[in-house]
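Notes for the one structure printed next.
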Number of protein chains: 4
Amino acid sequence: MAAKIHIAVIGASKCDSRTAEIAYQVGQLVAGKGAALFTGGLGGVMEAASRGAREAGGLTVGILPGSSVKEANPYVDIPIATDMGHARNAVLVRSCHAVVAVSGEYGTLSEIALALKMGVPVVTIGGWESIEGVQTAGSPEEAVEKAFEFLRY
Amino acid sequence: MAAKIHIAVIGASKCDSRTAEIAYQVGQLVAGKGAALFTGGLGGVMEAASRGAREAGGLTVGILPGSSVKEANPYVDIPIATDMGHARNAVLVRSCHAVVAVSGEYGTLSEIALALKMGVPVVTIGGWESIEGVQTAGSPEEAVEKAFEFLRY
Amino acid sequence: MAAKIHIAVIGASKCDSRTAEIAYQVGQLVAGKGAALFTGGLGGVMEAASRGAREAGGLTVGILPGSSVKEANPYVDIPIATDMGHARNAVLVRSCHAVVAVSGEYGTLSEIALALKMGVPVVTIGGWESIEGVQTAGSPEEAVEKAFEFLRY
Amino acid sequence: MAAKIHIAVIGASKCDSRTAEIAYQVGQLVAGKGAALFTGGLGGVMEAASRGAREAGGLTVGILPGSSVKEANPYVDIPIATDMGHARNAVLVRSCHAVVAVSGEYGTLSEIALALKMGVPVVTIGGWESIEGVQTAGSPEEAVEKAFEFLRY
């Protein structure tokens, strides 16, 4: 296996079906480009993106906040149990070459801010578009395209 | 010593003199109310607030990102060397009953978002006023007053 | 307040009365020398040492594994809620100039090992005496004397 | 990909050729059983085990202490940049179903102790055999056999 590009898809652990569909498509597209999909490993956007990547034949990694790998959603291939709560957000974005935020709330905002602080490019779709420094996208295709355009190596 | 209220003052590690003056006053006022001042322990806003609290006779704690307590500014009484980089932001806000953000950039935004996620009240002065859920203040006095009004126990 | 020496007292969260008495005396002696007492903030050895330091007029810091400062024992002046589980052991020893281990089990052993790895001197009393690199002591007085003799600055 | 067993191989970042050969064989055997190999991602034992697993067609994960995925040895498929120094040892063992320690020094001892504290089975080969609670093995084959015998689910 050659060195992989890591793309994080971040967002809320509960979401509506439209947001889940976007996350699913982002996951599919990320896997389709041969990148590993990183998420926080839980439900909602994280699960939908992982399912999309899994079904497209990709590898999925979940950086979990809790103490057991069993907390991962069923589409995570490699669960990491950090047992460090929200501080795991820093590990997640630190390990990736670009971040795609699908909607999301405060947890997602913390990850966007940490990524921007660390110099990791961030593409948002459906939320947090007003944060200076993010790239915005109107579709899953545009989001993944921009993520790969701005990749940090 | 009775159980103390912990107030975090967060902001950039480099700042102009006007921002430093605001942070200094916030630190003074926090100490004047008998609370312990928590910061990230470095320069700029963190140092100015610590100096204000120290000179008002308060206790100052610095939750450092690096691996040595020597990295703390000279006004930190209790430096904690987390050696966990930006993930220490989560430890800082997690340990406090309210957060006052003085201007600040992406690192500060990550702390604001983590605090809101954890249910810790946030007062901003001079920046990030548009983030939904924060309290805003126009002066150091108002900022500290609001921080104590919304304290999370 | 001048820059303080930080001494960690580590040990099990449950212990017999004899071990607690030793921890209490170590805490007293650490405070008597003007150092801040650091512990993991919970019960057993941590609580006994904190009580000893508190009653001798010292300052006590608790580096907690959980997500709330309320988990600290009542003798902790400055509780830090790391929410990072056992990984907080690294923060505890990293922040100190010497470590005194009072008996203890696997958690204590992990802290001893981390301290030795980081170059922080370790004195053991009542347990883990066979680990190469630790100083051993037969009494609280000897333990604190050796901790101050080998202080890492 | 079905849910994988995660086996950690831990040991020093520099080691002699005999120790590296043992680690290499342990890595091979772990991969041969279809488990993912977890290491700290650096050199020495970590690199040798990763190379063994890679060459046997396995998947290798590196839980790095530093801030860049580029610090991983070339045989790590999925590098995780924790940026949390030695505290990453807790994340490594927390994420695994068993740990095999190949020789090793204080860093390894901290991981052994954390694993035992967390209830993760530990097999040692070539060092730290006297720690109560570990399983000992005289060969790579015996080490991997025992690791799978005592797997924590």
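Convention: chains lettered A, B, ... in structure tokens order; per-chain residue numbering from 1; ligands numbered from 1 as shown.
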With a cut-off of 9 Å and counting only C-alpha atoms, select all residues of chain A in contact with chain B and give the selection as a PDB file with C-alpha atoms, in the first residue's frame.
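out21.pdb written:
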ATOM      1  CA  GLY A  85     -13.085  13.458  24.614  1.00  0.00           C
ATOM      2  CA  HIS A  86     -13.290  16.526  22.424  1.00  0.00           C
ATOM      3  CA  ALA A  87      -9.501  16.862  22.465  1.00  0.00           C
ATOM      4  CA  ARG A  88      -9.555  14.054  19.913  1.00  0.00           C
ATOM      5  CA  ASN A  89     -10.707  16.655  17.404  1.00  0.00           C
ATOM      6  CA  ALA A  90      -7.130  17.913  17.300  1.00  0.00           C
ATOM      7  CA  VAL A  91      -5.797  14.427  16.551  1.00  0.00           C
ATOM      8  CA  GLU A 105     -22.375  22.572  15.045  1.00  0.00           C
ATOM      9  CA  TYR A 106     -19.908  23.617  17.747  1.00  0.00           C
ATOM     10  CA  GLY A 107     -17.859  20.425  17.674  1.00  0.00           C
ATOM     11  CA  THR A 108     -17.441  20.846  13.941  1.00  0.00           C
ATOM     12  CA  LEU A 109     -16.546  24.503  14.389  1.00  0.00           C
ATOM     13  CA  SER A 110     -13.802  23.528  16.844  1.00  0.00           C
ATOM     14  CA  GLU A 111     -12.381  21.169  14.246  1.00  0.00           C
ATOM     15  CA  ILE A 112     -12.566  23.814  11.518  1.00  0.00           C
ATOM     16  CA  ALA A 113     -10.744  26.289  13.760  1.00  0.00           C
ATOM     17  CA  LEU A 114      -8.086  23.766  14.773  1.00  0.00           C
ATOM     18  CA  ALA A 115      -7.518  22.815  11.134  1.00  0.00           C
ATOM     19  CA  LEU A 116      -7.129  26.449  10.073  1.00  0.00           C
ATOM     20  CA  LYS A 117      -4.741  27.026  12.992  1.00  0.00           C
ATOM     21  CA  MET A 118      -2.656  24.027  11.881  1.00  0.00           C
TER      22      MET A 118
END
Chain fit of chain C to chain A, all Cα atoms, as a short mmCIF file (atom, residue, chain, number, x, y, z; two decimals) with N, CA and C atoms, in the first residue's frame:
data_model
loop_
_atom_site.label_atom_id
_atom_site.label_comp_id
_atom_site.auth_asym_id
_atom_site.auth_seq_id
_atom_site.Cartn_x
_atom_site.Cartn_y
_atom_site.Cartn_z
N MET C 1 0.81 -1.17 0.07
CA MET C 1 -0.02 0.02 0.05
C MET C 1 0.86 1.27 0.05
N ALA C 2 0.66 2.12 -0.92
CA ALA C 2 1.46 3.35 -0.97
C ALA C 2 0.93 4.33 0.08
N ALA C 3 1.74 5.35 0.35
CA ALA C 3 1.31 6.37 1.32
C ALA C 3 -0.01 6.96 0.84
N LYS C 4 -0.96 7.04 1.71
CA LYS C 4 -2.30 7.47 1.34
C LYS C 4 -2.50 8.94 1.68
N ILE C 5 -3.39 9.56 0.92
CA ILE C 5 -3.93 10.85 1.30
C ILE C 5 -5.02 10.58 2.34
N HIS C 6 -5.03 11.40 3.38
CA HIS C 6 -6.07 11.29 4.41
C HIS C 6 -7.01 12.48 4.30
N ILE C 7 -8.28 12.22 4.10
CA ILE C 7 -9.28 13.29 4.07
C ILE C 7 -10.24 13.10 5.24
N ALA C 8 -10.38 14.14 6.04
CA ALA C 8 -11.34 14.09 7.15
C ALA C 8 -12.69 14.62 6.68
N VAL C 9 -13.74 13.90 7.02
CA VAL C 9 -15.09 14.45 6.86
C VAL C 9 -15.65 14.63 8.26
N ILE C 10 -16.02 15.87 8.56
CA ILE C 10 -16.48 16.19 9.90
C ILE C 10 -17.91 16.72 9.86
N GLY C 11 -18.60 16.54 10.96
CA GLY C 11 -19.98 17.00 11.04
C GLY C 11 -20.65 16.40 12.27
N ALA C 12 -21.91 16.72 12.45
CA ALA C 12 -22.62 16.36 13.67
C ALA C 12 -22.89 14.86 13.77
N SER C 13 -23.03 14.38 15.00
CA SER C 13 -23.29 12.95 15.24
C SER C 13 -24.77 12.59 15.03
N LYS C 14 -25.59 13.62 14.86
CA LYS C 14 -26.98 13.40 14.44
C LYS C 14 -27.26 14.38 13.32
N CYS C 15 -27.93 13.94 12.27
CA CYS C 15 -28.21 14.86 11.16
C CYS C 15 -29.43 14.41 10.39
N ASP C 16 -30.01 15.33 9.61
CA ASP C 16 -31.18 14.97 8.79
C ASP C 16 -30.72 14.16 7.58
N SER C 17 -31.70 13.63 6.86
CA SER C 17 -31.38 12.70 5.78
C SER C 17 -30.68 13.41 4.61
N ARG C 18 -31.01 14.65 4.40
CA ARG C 18 -30.38 15.38 3.31
C ARG C 18 -28.88 15.59 3.59
N THR C 19 -28.58 15.95 4.84
CA THR C 19 -27.18 16.13 5.21
C THR C 19 -26.44 14.80 5.13
N ALA C 20 -27.10 13.73 5.58
CA ALA C 20 -26.48 12.41 5.51
C ALA C 20 -26.19 12.02 4.07
N GLU C 21 -27.09 12.37 3.17
CA GLU C 21 -26.88 12.02 1.75
C GLU C 21 -25.65 12.76 1.20
N ILE C 22 -25.50 14.01 1.60
CA ILE C 22 -24.32 14.77 1.17
C ILE C 22 -23.05 14.13 1.72
N ALA C 23 -23.08 13.78 3.00
CA ALA C 23 -21.91 13.16 3.63
C ALA C 23 -21.58 11.82 2.96
N TYR C 24 -22.63 11.07 2.65
CA TYR C 24 -22.45 9.78 1.98
C TYR C 24 -21.71 9.97 0.65
N GLN C 25 -22.17 10.96 -0.10
CA GLN C 25 -21.54 11.20 -1.41
C GLN C 25 -20.10 11.69 -1.28
N VAL C 26 -19.87 12.54 -0.28
CA VAL C 26 -18.49 13.00 -0.06
C VAL C 26 -17.61 11.78 0.25
N GLY C 27 -18.09 10.89 1.11
CA GLY C 27 -17.33 9.68 1.44
C GLY C 27 -17.04 8.83 0.21
N GLN C 28 -18.05 8.66 -0.61
CA GLN C 28 -17.88 7.89 -1.86
C GLN C 28 -16.78 8.49 -2.73
N LEU C 29 -16.86 9.80 -2.91
CA LEU C 29 -15.93 10.48 -3.80
C LEU C 29 -14.50 10.46 -3.25
N VAL C 30 -14.37 10.59 -1.94
CA VAL C 30 -13.04 10.53 -1.32
C VAL C 30 -12.42 9.15 -1.56
N ALA C 31 -13.22 8.11 -1.34
CA ALA C 31 -12.72 6.75 -1.57
C ALA C 31 -12.41 6.53 -3.04
N GLY C 32 -13.25 7.10 -3.90
CA GLY C 32 -13.05 6.94 -5.33
C GLY C 32 -11.72 7.51 -5.80
N LYS C 33 -11.20 8.47 -5.06
CA LYS C 33 -9.92 9.07 -5.41
C LYS C 33 -8.76 8.35 -4.73
N GLY C 34 -9.07 7.26 -4.03
CA GLY C 34 -8.00 6.47 -3.42
C GLY C 34 -7.50 6.97 -2.08
N ALA C 35 -8.19 7.94 -1.52
CA ALA C 35 -7.78 8.47 -0.21
C ALA C 35 -8.44 7.68 0.91
N ALA C 36 -7.79 7.70 2.07
CA ALA C 36 -8.41 7.12 3.27
C ALA C 36 -9.35 8.16 3.86
N LEU C 37 -10.52 7.69 4.31
CA LEU C 37 -11.49 8.60 4.93
C LEU C 37 -11.32 8.58 6.44
N PHE C 38 -11.09 9.74 7.01
CA PHE C 38 -11.01 9.88 8.46
C PHE C 38 -12.27 10.58 8.96
N THR C 39 -12.84 10.06 10.04
CA THR C 39 -13.94 10.76 10.70
C THR C 39 -13.75 10.61 12.21
N GLY C 40 -14.68 11.19 12.95
CA GLY C 40 -14.69 11.03 14.40
C GLY C 40 -15.27 9.70 14.84
N GLY C 41 -15.71 8.88 13.87
CA GLY C 41 -16.07 7.49 14.14
C GLY C 41 -17.47 7.24 14.69
N LEU C 42 -18.23 8.32 14.95
CA LEU C 42 -19.55 8.13 15.56
C LEU C 42 -20.66 8.14 14.49
N GLY C 43 -21.86 8.61 14.87
CA GLY C 43 -23.01 8.54 13.97
C GLY C 43 -23.17 9.76 13.08
N GLY C 44 -24.37 9.92 12.54
CA GLY C 44 -24.70 11.10 11.74
C GLY C 44 -23.81 11.25 10.52
N VAL C 45 -23.23 12.42 10.37
CA VAL C 45 -22.36 12.71 9.22
C VAL C 45 -21.19 11.74 9.17
N MET C 46 -20.65 11.39 10.35
CA MET C 46 -19.48 10.50 10.40
C MET C 46 -19.84 9.12 9.85
N GLU C 47 -21.00 8.63 10.24
CA GLU C 47 -21.43 7.31 9.79
C GLU C 47 -21.78 7.32 8.29
N ALA C 48 -22.48 8.36 7.87
CA ALA C 48 -22.89 8.41 6.46
C ALA C 48 -21.66 8.48 5.55
N ALA C 49 -20.69 9.30 5.92
CA ALA C 49 -19.48 9.42 5.10
C ALA C 49 -18.70 8.10 5.09
N SER C 50 -18.65 7.45 6.24
CA SER C 50 -17.92 6.18 6.33
C SER C 50 -18.61 5.11 5.47
N ARG C 51 -19.93 5.11 5.49
CA ARG C 51 -20.67 4.15 4.69
C ARG C 51 -20.42 4.40 3.20
N GLY C 52 -20.42 5.66 2.81
CA GLY C 52 -20.15 5.98 1.42
C GLY C 52 -18.77 5.51 0.99
N ALA C 53 -17.78 5.75 1.84
CA ALA C 53 -16.41 5.35 1.50
C ALA C 53 -16.29 3.83 1.49
N ARG C 54 -16.88 3.20 2.47
CA ARG C 54 -16.84 1.73 2.53
C ARG C 54 -17.45 1.12 1.27
N GLU C 55 -18.60 1.62 0.89
CA GLU C 55 -19.30 1.03 -0.26
C GLU C 55 -18.58 1.32 -1.58
N ALA C 56 -17.73 2.33 -1.56
CA ALA C 56 -16.92 2.61 -2.75
C ALA C 56 -15.56 1.91 -2.67
N GLY C 57 -15.42 1.04 -1.69
CA GLY C 57 -14.19 0.25 -1.60
C GLY C 57 -13.04 0.92 -0.91
N GLY C 58 -13.32 2.00 -0.17
CA GLY C 58 -12.24 2.74 0.47
C GLY C 58 -11.94 2.25 1.88
N LEU C 59 -10.91 2.81 2.46
CA LEU C 59 -10.51 2.50 3.83
C LEU C 59 -11.00 3.62 4.75
N THR C 60 -11.61 3.24 5.88
CA THR C 60 -12.18 4.23 6.78
C THR C 60 -11.55 4.13 8.17
N VAL C 61 -11.19 5.29 8.70
CA VAL C 61 -10.55 5.39 10.02
C VAL C 61 -11.46 6.23 10.91
N GLY C 62 -11.64 5.80 12.15
CA GLY C 62 -12.47 6.57 13.09
C GLY C 62 -11.67 6.95 14.32
N ILE C 63 -11.52 8.24 14.55
CA ILE C 63 -10.77 8.75 15.71
C ILE C 63 -11.80 9.05 16.80
N LEU C 64 -12.02 8.07 17.66
CA LEU C 64 -13.13 8.12 18.62
C LEU C 64 -12.80 8.94 19.86
N PRO C 65 -13.81 9.59 20.45
CA PRO C 65 -13.58 10.32 21.69
C PRO C 65 -13.52 9.41 22.91
N GLY C 66 -14.14 8.25 22.85
CA GLY C 66 -14.32 7.41 24.02
C GLY C 66 -13.23 6.37 24.20
N SER C 67 -13.51 5.44 25.12
CA SER C 67 -12.48 4.50 25.56
C SER C 67 -12.59 3.12 24.92
N SER C 68 -13.51 2.93 23.99
CA SER C 68 -13.65 1.59 23.40
C SER C 68 -13.82 1.66 21.89
N VAL C 69 -13.11 0.78 21.19
CA VAL C 69 -13.25 0.72 19.74
C VAL C 69 -14.66 0.28 19.34
N LYS C 70 -15.37 -0.30 20.28
CA LYS C 70 -16.74 -0.74 19.98
C LYS C 70 -17.71 0.42 19.77
N GLU C 71 -17.33 1.60 20.15
CA GLU C 71 -18.21 2.76 19.96
C GLU C 71 -18.27 3.22 18.51
N ALA C 72 -17.39 2.68 17.68
CA ALA C 72 -17.35 3.11 16.28
C ALA C 72 -18.60 2.66 15.54
N ASN C 73 -19.00 3.45 14.55
CA ASN C 73 -20.10 3.01 13.69
C ASN C 73 -19.62 1.82 12.84
N PRO C 74 -20.56 1.03 12.30
CA PRO C 74 -20.17 -0.23 11.66
C PRO C 74 -19.39 -0.06 10.36
N TYR C 75 -19.23 1.15 9.88
CA TYR C 75 -18.52 1.35 8.61
C TYR C 75 -17.09 1.82 8.83
N VAL C 76 -16.64 1.80 10.07
CA VAL C 76 -15.26 2.19 10.37
C VAL C 76 -14.38 0.94 10.34
N ASP C 77 -13.36 0.96 9.49
CA ASP C 77 -12.44 -0.18 9.40
C ASP C 77 -11.43 -0.17 10.53
N ILE C 78 -10.89 1.01 10.79
CA ILE C 78 -9.83 1.14 11.80
C ILE C 78 -10.28 2.13 12.87
N PRO C 79 -10.88 1.64 13.94
CA PRO C 79 -11.27 2.53 15.03
C PRO C 79 -10.10 2.78 15.97
N ILE C 80 -9.91 4.03 16.35
CA ILE C 80 -8.87 4.42 17.31
C ILE C 80 -9.58 4.97 18.54
N ALA C 81 -9.35 4.35 19.69
CA ALA C 81 -10.02 4.78 20.92
C ALA C 81 -9.11 5.73 21.68
N THR C 82 -9.33 7.03 21.49
CA THR C 82 -8.41 7.99 22.12
C THR C 82 -8.69 8.17 23.60
N ASP C 83 -9.95 7.99 24.02
CA ASP C 83 -10.34 8.28 25.40
C ASP C 83 -9.93 9.69 25.82
N MET C 84 -9.99 10.64 24.89
CA MET C 84 -9.63 12.00 25.25
C MET C 84 -10.73 13.01 24.90
N GLY C 85 -11.95 12.53 24.78
CA GLY C 85 -13.08 13.44 24.60
C GLY C 85 -12.91 14.34 23.39
N HIS C 86 -13.34 15.59 23.54
CA HIS C 86 -13.30 16.51 22.42
C HIS C 86 -11.87 16.83 21.99
N ALA C 87 -10.90 16.58 22.84
CA ALA C 87 -9.51 16.85 22.46
C ALA C 87 -9.10 15.95 21.29
N ARG C 88 -9.89 14.90 21.04
CA ARG C 88 -9.57 14.04 19.90
C ARG C 88 -9.77 14.78 18.58
N ASN C 89 -10.53 15.86 18.61
CA ASN C 89 -10.71 16.66 17.39
C ASN C 89 -9.38 17.13 16.84
N ALA C 90 -8.46 17.45 17.73
CA ALA C 90 -7.14 17.91 17.30
C ALA C 90 -6.36 16.79 16.63
N VAL C 91 -6.50 15.58 17.15
CA VAL C 91 -5.80 14.43 16.55
C VAL C 91 -6.36 14.14 15.16
N LEU C 92 -7.67 14.25 15.04
CA LEU C 92 -8.32 13.97 13.76
C LEU C 92 -7.82 14.91 12.66
N VAL C 93 -7.90 16.20 12.89
CA VAL C 93 -7.51 17.11 11.81
C VAL C 93 -6.00 17.13 11.62
N ARG C 94 -5.25 16.93 12.70
CA ARG C 94 -3.79 16.90 12.61
C ARG C 94 -3.31 15.77 11.68
N SER C 95 -4.07 14.70 11.63
CA SER C 95 -3.65 13.53 10.85
C SER C 95 -4.08 13.59 9.39
N CYS C 96 -4.75 14.67 8.99
CA CYS C 96 -5.32 14.71 7.64
C CYS C 96 -4.69 15.79 6.76
N HIS C 97 -4.84 15.59 5.44
CA HIS C 97 -4.29 16.52 4.46
C HIS C 97 -5.31 17.57 4.02
N ALA C 98 -6.56 17.31 4.31
CA ALA C 98 -7.62 18.29 4.06
C ALA C 98 -8.84 17.84 4.85
N VAL C 99 -9.73 18.81 5.10
CA VAL C 99 -10.94 18.56 5.89
C VAL C 99 -12.16 19.04 5.10
N VAL C 100 -13.18 18.21 5.05
CA VAL C 100 -14.46 18.63 4.48
C VAL C 100 -15.49 18.64 5.61
N ALA C 101 -16.05 19.81 5.87
CA ALA C 101 -17.07 19.94 6.93
C ALA C 101 -18.44 19.93 6.29
N VAL C 102 -19.28 19.00 6.71
CA VAL C 102 -20.64 18.92 6.20
C VAL C 102 -21.58 19.42 7.29
N SER C 103 -22.13 20.61 7.08
CA SER C 103 -22.96 21.26 8.09
C SER C 103 -22.22 21.25 9.43
N GLY C 104 -22.87 20.81 10.50
CA GLY C 104 -22.16 20.72 11.77
C GLY C 104 -22.45 21.85 12.71
N GLU C 105 -22.09 21.59 13.99
CA GLU C 105 -22.37 22.56 15.03
C GLU C 105 -21.07 22.97 15.73
N TYR C 106 -21.11 23.08 17.06
CA TYR C 106 -19.92 23.60 17.74
C TYR C 106 -18.72 22.65 17.66
N GLY C 107 -18.97 21.35 17.75
CA GLY C 107 -17.86 20.41 17.65
C GLY C 107 -17.16 20.54 16.30
N THR C 108 -17.98 20.66 15.27
CA THR C 108 -17.43 20.84 13.92
C THR C 108 -16.67 22.15 13.82
N LEU C 109 -17.23 23.19 14.41
CA LEU C 109 -16.54 24.49 14.38
C LEU C 109 -15.18 24.39 15.06
N SER C 110 -15.11 23.64 16.15
CA SER C 110 -13.81 23.52 16.83
C SER C 110 -12.80 22.82 15.91
N GLU C 111 -13.27 21.86 15.15
CA GLU C 111 -12.36 21.17 14.23
C GLU C 111 -11.94 22.06 13.06
N ILE C 112 -12.90 22.86 12.57
CA ILE C 112 -12.56 23.82 11.50
C ILE C 112 -11.49 24.77 12.00
N ALA C 113 -11.68 25.29 13.20
CA ALA C 113 -10.74 26.28 13.75
C ALA C 113 -9.37 25.65 13.99
N LEU C 114 -9.36 24.44 14.54
CA LEU C 114 -8.08 23.76 14.77
C LEU C 114 -7.37 23.50 13.45
N ALA C 115 -8.12 23.08 12.44
CA ALA C 115 -7.51 22.81 11.13
C ALA C 115 -6.89 24.08 10.56
N LEU C 116 -7.64 25.17 10.60
CA LEU C 116 -7.12 26.43 10.06
C LEU C 116 -5.89 26.87 10.84
N LYS C 117 -5.92 26.69 12.15
CA LYS C 117 -4.76 27.02 13.00
C LYS C 117 -3.54 26.19 12.59
N MET C 118 -3.75 24.92 12.24
CA MET C 118 -2.66 24.01 11.88
C MET C 118 -2.26 24.10 10.40
N GLY C 119 -2.98 24.92 9.64
CA GLY C 119 -2.66 25.03 8.23
C GLY C 119 -3.24 23.91 7.37
N VAL C 120 -4.23 23.23 7.88
CA VAL C 120 -4.90 22.18 7.10
C VAL C 120 -6.09 22.82 6.38
N PRO C 121 -6.16 22.67 5.05
CA PRO C 121 -7.25 23.29 4.30
C PRO C 121 -8.62 22.74 4.70
N VAL C 122 -9.60 23.63 4.71
CA VAL C 122 -10.96 23.26 5.11
C VAL C 122 -11.95 23.67 4.01
N VAL C 123 -12.78 22.72 3.61
CA VAL C 123 -13.89 23.02 2.70
C VAL C 123 -15.18 22.81 3.47
N THR C 124 -16.07 23.80 3.42
CA THR C 124 -17.35 23.63 4.11
C THR C 124 -18.47 23.49 3.08
N ILE C 125 -19.44 22.66 3.43
CA ILE C 125 -20.64 22.53 2.61
C ILE C 125 -21.84 22.49 3.55
N GLY C 126 -22.70 23.48 3.40
CA GLY C 126 -23.92 23.48 4.20
C GLY C 126 -23.79 24.08 5.58
N GLY C 127 -22.71 24.81 5.86
CA GLY C 127 -22.61 25.42 7.17
C GLY C 127 -21.24 26.05 7.40
N TRP C 128 -21.16 26.94 8.39
CA TRP C 128 -19.91 27.61 8.77
C TRP C 128 -19.19 28.23 7.57
N GLU C 129 -19.98 28.76 6.64
CA GLU C 129 -19.37 29.33 5.43
C GLU C 129 -18.78 30.71 5.68
N SER C 130 -19.18 31.33 6.80
CA SER C 130 -18.73 32.69 7.03
C SER C 130 -17.39 32.77 7.74
N ILE C 131 -16.84 31.62 8.15
CA ILE C 131 -15.55 31.65 8.84
C ILE C 131 -14.45 31.98 7.83
N GLU C 132 -13.73 33.04 8.08
CA GLU C 132 -12.69 33.46 7.15
C GLU C 132 -11.63 32.37 7.01
N GLY C 133 -11.28 32.10 5.77
CA GLY C 133 -10.21 31.12 5.55
C GLY C 133 -10.70 29.78 5.04
N VAL C 134 -12.00 29.50 5.16
CA VAL C 134 -12.50 28.23 4.62
C VAL C 134 -12.82 28.38 3.14
N GLN C 135 -12.73 27.26 2.41
CA GLN C 135 -13.28 27.18 1.06
C GLN C 135 -14.72 26.73 1.19
N THR C 136 -15.59 27.23 0.33
CA THR C 136 -16.98 26.76 0.40
C THR C 136 -17.32 26.00 -0.88
N ALA C 137 -18.25 25.06 -0.73
CA ALA C 137 -18.66 24.25 -1.86
C ALA C 137 -20.17 24.11 -1.86
N GLY C 138 -20.75 23.98 -3.06
CA GLY C 138 -22.20 23.86 -3.18
C GLY C 138 -22.68 22.44 -3.44
N SER C 139 -21.72 21.53 -3.64
CA SER C 139 -22.08 20.14 -3.92
C SER C 139 -20.97 19.23 -3.42
N PRO C 140 -21.29 17.95 -3.21
CA PRO C 140 -20.25 17.00 -2.80
C PRO C 140 -19.08 16.97 -3.80
N GLU C 141 -19.41 17.02 -5.07
CA GLU C 141 -18.35 16.97 -6.09
C GLU C 141 -17.41 18.17 -5.93
N GLU C 142 -17.99 19.34 -5.78
CA GLU C 142 -17.15 20.55 -5.64
C GLU C 142 -16.34 20.49 -4.35
N ALA C 143 -16.94 19.95 -3.30
CA ALA C 143 -16.24 19.89 -2.01
C ALA C 143 -14.99 19.01 -2.11
N VAL C 144 -15.15 17.86 -2.72
CA VAL C 144 -14.01 16.93 -2.81
C VAL C 144 -12.96 17.45 -3.79
N GLU C 145 -13.46 18.06 -4.87
CA GLU C 145 -12.52 18.65 -5.83
C GLU C 145 -11.65 19.71 -5.16
N LYS C 146 -12.28 20.56 -4.37
CA LYS C 146 -11.53 21.63 -3.70
C LYS C 146 -10.60 21.06 -2.62
N ALA C 147 -11.06 20.03 -1.93
CA ALA C 147 -10.21 19.42 -0.90
C ALA C 147 -8.91 18.90 -1.53
N PHE C 148 -9.02 18.28 -2.68
CA PHE C 148 -7.83 17.75 -3.34
C PHE C 148 -7.00 18.85 -4.00
N GLU C 149 -7.65 19.95 -4.35
CA GLU C 149 -6.92 21.07 -4.97
C GLU C 149 -6.00 21.74 -3.94
N PHE C 150 -6.47 21.78 -2.69
CA PHE C 150 -5.72 22.53 -1.68
C PHE C 150 -4.95 21.65 -0.70
N LEU C 151 -4.90 20.37 -0.97
CA LEU C 151 -4.23 19.42 -0.07
C LEU C 151 -2.95 19.95 0.55
N ARG C 152 -2.81 19.75 1.84
CA ARG C 152 -1.55 20.05 2.52
C ARG C 152 -0.69 18.80 2.54
N TYR C 153 0.53 18.90 2.09
CA TYR C 153 1.39 17.71 2.14
C TYR C 153 2.38 17.80 3.29
#
Practice item. Taking the DSSP assignment computed from this structure's backbone, write out as a list in words all residues of chain D that belong to strand (DSSP E or B). Key: His6, Ile7, Ala8, Val9, Ile10, Ala36, Leu37, Phe38, Thr39, Thr60, Val61, Gly62, Ile63, Leu64, Ile78, Pro79, Ile80, Ala81, Ala98, Val99, Val100, Ala101, Val102, Val122, Val123, Thr124, Ile125, Gln135 and Thr136 of chain D
**Study point:** Sel. of alpha helix (DSSP H) residues, chain C, as an NGL selection string
**Key:** :C and (17-32 or 45-55 or 88-94 or 106-118 or 140-149)
